Amino acid sequence: MIFGRDRGPVTDEDVAEAYPWPEEGVWVRSMMVSTLDGAAAGPDGLSNTISGDADRQVFDAVRRFADAILVGGGTVKAEGYGPLRADPDDTERRRAQGQRPAPVLAVVSGSLDLPLGDDGFAGSEERPLVFTGATPDADRLAAVRERCEVVQSGSDSVDDGWVIDQLVERGLRRIVCEGGPSLLRAVVAADRLDEADLTLSPTFAGTSTTPDTEALPDVSRFELAHLLTADGFVMARYVRRR
C-alpha cells in the first residue's frame, strides 16, 4: 500500500481487509480495470486480457464478503461468467455476519439472451436473480425461469435504482457492480454508487472495443482512500464524496 491508512506490505490475507464493508446500511461498489490508454477490455473485447494476478486477487477479495454481484447480461455472456460457489474458508464468517454461504449473482437483461448451462452463472450455489422488463420474449422468459428467479419491472425498461432496491429488500445490501460500462453508468446516474475500485493495468490496448456511454448530467466526485501496487498494476479505492 503506497497511499492510505496502513502503508506498507499487504499480505494475501490482508487484501480483503483493505476493502472493508460497512457493518450496517447499503453499500454499492464497482469493480473496473482500465489500460493506460483508457480501454476497459483487450482487443478480444474481454477484460481478462488486460488483467493480471494482482488485479484478480483484489477482484476475489472484494467478492469474498459481498451479498450480491450485479452485472449486465451482455457482460455475463461475453466474459463467460461461471457459477458462484461458497468458499469453505469463509462460510463461518459469512454465517456470523448474517450472510448466505455465497454471493447471489444478479443479472440485468432486457433480452434474456443468456447462457443457461450448468457450467455458467445459472449453476451458482445460490439461485441467481435476473431482472428484466415487463414484456420479454416468452420462450426465453420460460427458459430463464427454470434456472433463475426472474424479477420483472413494470415497464419495458429496467431502472437500476429499482434493481438495487429489490436486492436490498432481499437482504442483499453489500453489492458489487461489475459492469459493463452501461450498467455502471446507470448506477452512477441513479446516485447509488458508494465506492469505485479501479485497477490501472500497465498495458495499451486501443479503445475500439470499449463501448461509449451517454454523458452523465453531472460529474460524480469520489475521494481516494488507498492505492495498492503489485506487478506493475495500481489498484485504487475511491469512496463517494458525501
# chains A, B, ... in the order shown; residues from 1 in each chain; ligands from 1
>>> residues_around(residues="Leu172 of chain A", least_positions_apart="4", cutoff="7 Å", atoms="only C-alpha atoms", output="PDB file with N, CA, C and O atoms, in the first residue's frame")
ATOM      1  N   ASP A  67     -22.768  -9.592  -0.716  1.00  0.00           N
ATOM      2  CA  ASP A  67     -24.054 -10.290  -0.725  1.00  0.00           C
ATOM      3  C   ASP A  67     -24.522 -10.565  -2.143  1.00  0.00           C
ATOM      4  O   ASP A  67     -25.174 -11.581  -2.397  1.00  0.00           O
ATOM      5  N   ALA A  68     -24.231  -9.633  -3.059  1.00  0.00           N
ATOM      6  CA  ALA A  68     -24.714  -9.767  -4.431  1.00  0.00           C
ATOM      7  C   ALA A  68     -23.683  -9.239  -5.403  1.00  0.00           C
ATOM      8  O   ALA A  68     -22.994  -8.252  -5.127  1.00  0.00           O
ATOM      9  N   LEU A 167     -32.734  -5.788  -4.509  1.00  0.00           N
ATOM     10  CA  LEU A 167     -31.701  -6.579  -3.834  1.00  0.00           C
ATOM     11  C   LEU A 167     -31.719  -6.321  -2.332  1.00  0.00           C
ATOM     12  O   LEU A 167     -31.645  -7.265  -1.522  1.00  0.00           O
ATOM     13  N   VAL A 168     -31.827  -5.068  -1.963  1.00  0.00           N
ATOM     14  CA  VAL A 168     -31.835  -4.712  -0.532  1.00  0.00           C
ATOM     15  C   VAL A 168     -33.047  -5.325   0.163  1.00  0.00           C
ATOM     16  O   VAL A 168     -32.952  -5.805   1.300  1.00  0.00           O
TER      17      VAL A 168
END
>>> residues_around(residues="Trp27 of chain A", least_positions_apart="4", cutoff="7 Å", atoms="only C-alpha atoms", output="list in words")
Arg173, Arg174, Ile175 and Asp194 of chain A
>>> write_last_selection(atoms="all heavy atoms", output="tab-separated table (two decimals), in the first residue's frame")
chain	number	residue	atom	x	y	z
A	173	ARG	N	-27.46	-6.35	0.85
A	173	ARG	CA	-27.12	-4.92	0.95
A	173	ARG	C	-25.68	-4.62	0.58
A	173	ARG	O	-25.32	-3.47	0.36
A	173	ARG	CB	-27.41	-4.42	2.37
A	173	ARG	CG	-26.55	-5.07	3.45
A	173	ARG	CD	-26.83	-4.51	4.83
A	173	ARG	NE	-25.93	-5.08	5.83
A	173	ARG	CZ	-24.71	-4.63	6.08
A	173	ARG	NH1	-24.24	-3.59	5.40
A	173	ARG	NH2	-23.95	-5.20	7.01
A	174	ARG	N	-24.83	-5.64	0.52
A	174	ARG	CA	-23.44	-5.45	0.10
A	174	ARG	C	-23.34	-5.85	-1.36
A	174	ARG	O	-23.35	-7.03	-1.69
A	174	ARG	CB	-22.49	-6.31	0.94
A	174	ARG	CG	-22.46	-5.96	2.43
A	174	ARG	CD	-21.54	-6.92	3.16
A	174	ARG	NE	-21.32	-6.53	4.55
A	174	ARG	CZ	-20.50	-7.13	5.38
A	174	ARG	NH1	-19.79	-8.18	4.94
A	174	ARG	NH2	-20.34	-6.72	6.61
A	175	ILE	N	-23.27	-4.86	-2.24
A	175	ILE	CA	-23.44	-5.11	-3.67
A	175	ILE	C	-22.18	-4.71	-4.43
A	175	ILE	O	-21.68	-3.60	-4.27
A	175	ILE	CB	-24.65	-4.32	-4.20
A	175	ILE	CG1	-25.92	-4.73	-3.44
A	175	ILE	CG2	-24.82	-4.55	-5.70
A	175	ILE	CD1	-27.09	-3.79	-3.67
A	194	ASP	N	-21.38	3.97	-4.06
A	194	ASP	CA	-20.68	4.44	-2.87
A	194	ASP	C	-19.17	4.33	-2.99
A	194	ASP	O	-18.45	5.08	-2.33
A	194	ASP	CB	-21.14	3.64	-1.64
A	194	ASP	CG	-22.63	3.76	-1.40
A	194	ASP	OD1	-23.08	4.86	-1.04
A	194	ASP	OD2	-23.34	2.76	-1.59
>>> residues_around(residues="segment 105-119 of chain A", least_positions_apart="5", cutoff="7 Å", atoms="only C-alpha atoms", output="number ranges by chain")
A: 68-73, 77, 82-83, 128-133, 136, 140-141
>>> select_by_dssp(residues="segment 109-214 of chain A", states="strand (DSSP E or B)", output="PyMOL selection string")
chain A and resi 129-132+149-152+174-177+195-200
>>> closest_residue(among="A:Val33, A:Val26, A:Ala66, A:Leu193", to="Gly52 of chain A", atoms="only C-alpha atoms")
A:Val33
>>> residues_around(residues="Val187 of chain A", least_positions_apart="4", cutoff="8 Å", atoms="only C-alpha atoms", output="list in words")
Asp160, Gly161, Leu183, Asp191, Arg192 and Leu193 of chain A
>>> closest_residue(among="A:Ser124, A:Gln99, A:Ser153, A:Ser30", to="Val188 of chain A", atoms="only C-alpha atoms")
A:Ser30
>>> atom_distance(atom1="atom CA of Ala186 of chain A", atom2="atom CA of Tyr238 of chain A")
18.1 Å
>>> residues_around(residues="Gly4 of chain A", least_positions_apart="4", cutoff="10 Å", atoms="only C-alpha atoms", output="PDB file with all heavy atoms, in the first residue's frame")
ATOM      1  N   GLY A   8       2.511   0.134   3.483  1.00  0.00           N
ATOM      2  CA  GLY A   8       3.482  -0.935   3.656  1.00  0.00           C
ATOM      3  C   GLY A   8       2.980  -2.218   3.039  1.00  0.00           C
ATOM      4  O   GLY A   8       1.978  -2.237   2.325  1.00  0.00           O
ATOM      5  N   ALA A  18      -8.462  -4.699   3.367  1.00  0.00           N
ATOM      6  CA  ALA A  18      -8.211  -3.390   2.770  1.00  0.00           C
ATOM      7  C   ALA A  18      -9.434  -2.864   2.021  1.00  0.00           C
ATOM      8  O   ALA A  18      -9.468  -1.696   1.628  1.00  0.00           O
ATOM      9  CB  ALA A  18      -7.014  -3.470   1.821  1.00  0.00           C
ATOM     10  N   LEU A 224     -10.008   9.604  -3.004  1.00  0.00           N
ATOM     11  CA  LEU A 224      -9.075   8.484  -2.970  1.00  0.00           C
ATOM     12  C   LEU A 224      -8.895   7.994  -1.536  1.00  0.00           C
ATOM     13  O   LEU A 224      -8.561   8.768  -0.644  1.00  0.00           O
ATOM     14  CB  LEU A 224      -7.727   8.916  -3.551  1.00  0.00           C
ATOM     15  CG  LEU A 224      -6.644   7.836  -3.623  1.00  0.00           C
ATOM     16  CD1 LEU A 224      -7.062   6.690  -4.529  1.00  0.00           C
ATOM     17  CD2 LEU A 224      -5.329   8.449  -4.109  1.00  0.00           C
ATOM     18  N   ALA A 225      -9.120   6.687  -1.326  1.00  0.00           N
ATOM     19  CA  ALA A 225      -8.970   6.086   0.006  1.00  0.00           C
ATOM     20  C   ALA A 225      -7.652   5.345   0.141  1.00  0.00           C
ATOM     21  O   ALA A 225      -7.008   5.397   1.193  1.00  0.00           O
ATOM     22  CB  ALA A 225     -10.134   5.141   0.291  1.00  0.00           C
ATOM     23  N   HIS A 226      -7.244   4.634  -0.919  1.00  0.00           N
ATOM     24  CA  HIS A 226      -5.939   3.970  -0.852  1.00  0.00           C
ATOM     25  C   HIS A 226      -5.444   3.617  -2.248  1.00  0.00           C
ATOM     26  O   HIS A 226      -6.205   3.605  -3.232  1.00  0.00           O
ATOM     27  CB  HIS A 226      -5.974   2.738   0.054  1.00  0.00           C
ATOM     28  CG  HIS A 226      -6.573   1.499  -0.540  1.00  0.00           C
ATOM     29  ND1 HIS A 226      -7.391   0.640   0.171  1.00  0.00           N
ATOM     30  CD2 HIS A 226      -6.481   0.927  -1.781  1.00  0.00           C
ATOM     31  CE1 HIS A 226      -7.751  -0.375  -0.599  1.00  0.00           C
ATOM     32  NE2 HIS A 226      -7.213  -0.212  -1.786  1.00  0.00           N
ATOM     33  N   LEU A 227      -4.139   3.305  -2.321  1.00  0.00           N
ATOM     34  CA  LEU A 227      -3.508   2.801  -3.539  1.00  0.00           C
ATOM     35  C   LEU A 227      -2.688   1.573  -3.176  1.00  0.00           C
ATOM     36  O   LEU A 227      -1.863   1.616  -2.262  1.00  0.00           O
ATOM     37  CB  LEU A 227      -2.580   3.851  -4.163  1.00  0.00           C
ATOM     38  CG  LEU A 227      -3.206   5.071  -4.846  1.00  0.00           C
ATOM     39  CD1 LEU A 227      -2.106   6.049  -5.251  1.00  0.00           C
ATOM     40  CD2 LEU A 227      -4.013   4.646  -6.068  1.00  0.00           C
ATOM     41  N   LEU A 228      -2.919   0.483  -3.899  1.00  0.00           N
ATOM     42  CA  LEU A 228      -2.090  -0.710  -3.787  1.00  0.00           C
ATOM     43  C   LEU A 228      -1.350  -0.888  -5.106  1.00  0.00           C
ATOM     44  O   LEU A 228      -1.864  -0.532  -6.167  1.00  0.00           O
ATOM     45  CB  LEU A 228      -2.951  -1.953  -3.532  1.00  0.00           C
ATOM     46  CG  LEU A 228      -3.820  -2.002  -2.282  1.00  0.00           C
ATOM     47  CD1 LEU A 228      -4.657  -3.274  -2.297  1.00  0.00           C
ATOM     48  CD2 LEU A 228      -2.980  -1.936  -1.035  1.00  0.00           C
ATOM     49  N   ALA A 236      -6.662   1.240  -7.112  1.00  0.00           N
ATOM     50  CA  ALA A 236      -7.134   2.401  -6.366  1.00  0.00           C
ATOM     51  C   ALA A 236      -8.517   2.144  -5.800  1.00  0.00           C
ATOM     52  O   ALA A 236      -9.380   1.562  -6.468  1.00  0.00           O
ATOM     53  CB  ALA A 236      -7.161   3.636  -7.266  1.00  0.00           C
ATOM     54  N   ARG A 237      -8.718   2.592  -4.576  1.00  0.00           N
ATOM     55  CA  ARG A 237     -10.045   2.525  -3.941  1.00  0.00           C
ATOM     56  C   ARG A 237     -10.529   3.954  -3.717  1.00  0.00           C
ATOM     57  O   ARG A 237      -9.869   4.739  -3.018  1.00  0.00           O
ATOM     58  CB  ARG A 237      -9.974   1.767  -2.619  1.00  0.00           C
ATOM     59  CG  ARG A 237     -11.308   1.715  -1.848  1.00  0.00           C
ATOM     60  CD  ARG A 237     -11.208   0.864  -0.599  1.00  0.00           C
ATOM     61  NE  ARG A 237     -12.488   0.802   0.095  1.00  0.00           N
ATOM     62  CZ  ARG A 237     -12.751   1.390   1.256  1.00  0.00           C
ATOM     63  NH1 ARG A 237     -11.777   2.064   1.902  1.00  0.00           N
ATOM     64  NH2 ARG A 237     -13.942   1.318   1.807  1.00  0.00           N
TER      65      ARG A 237
END
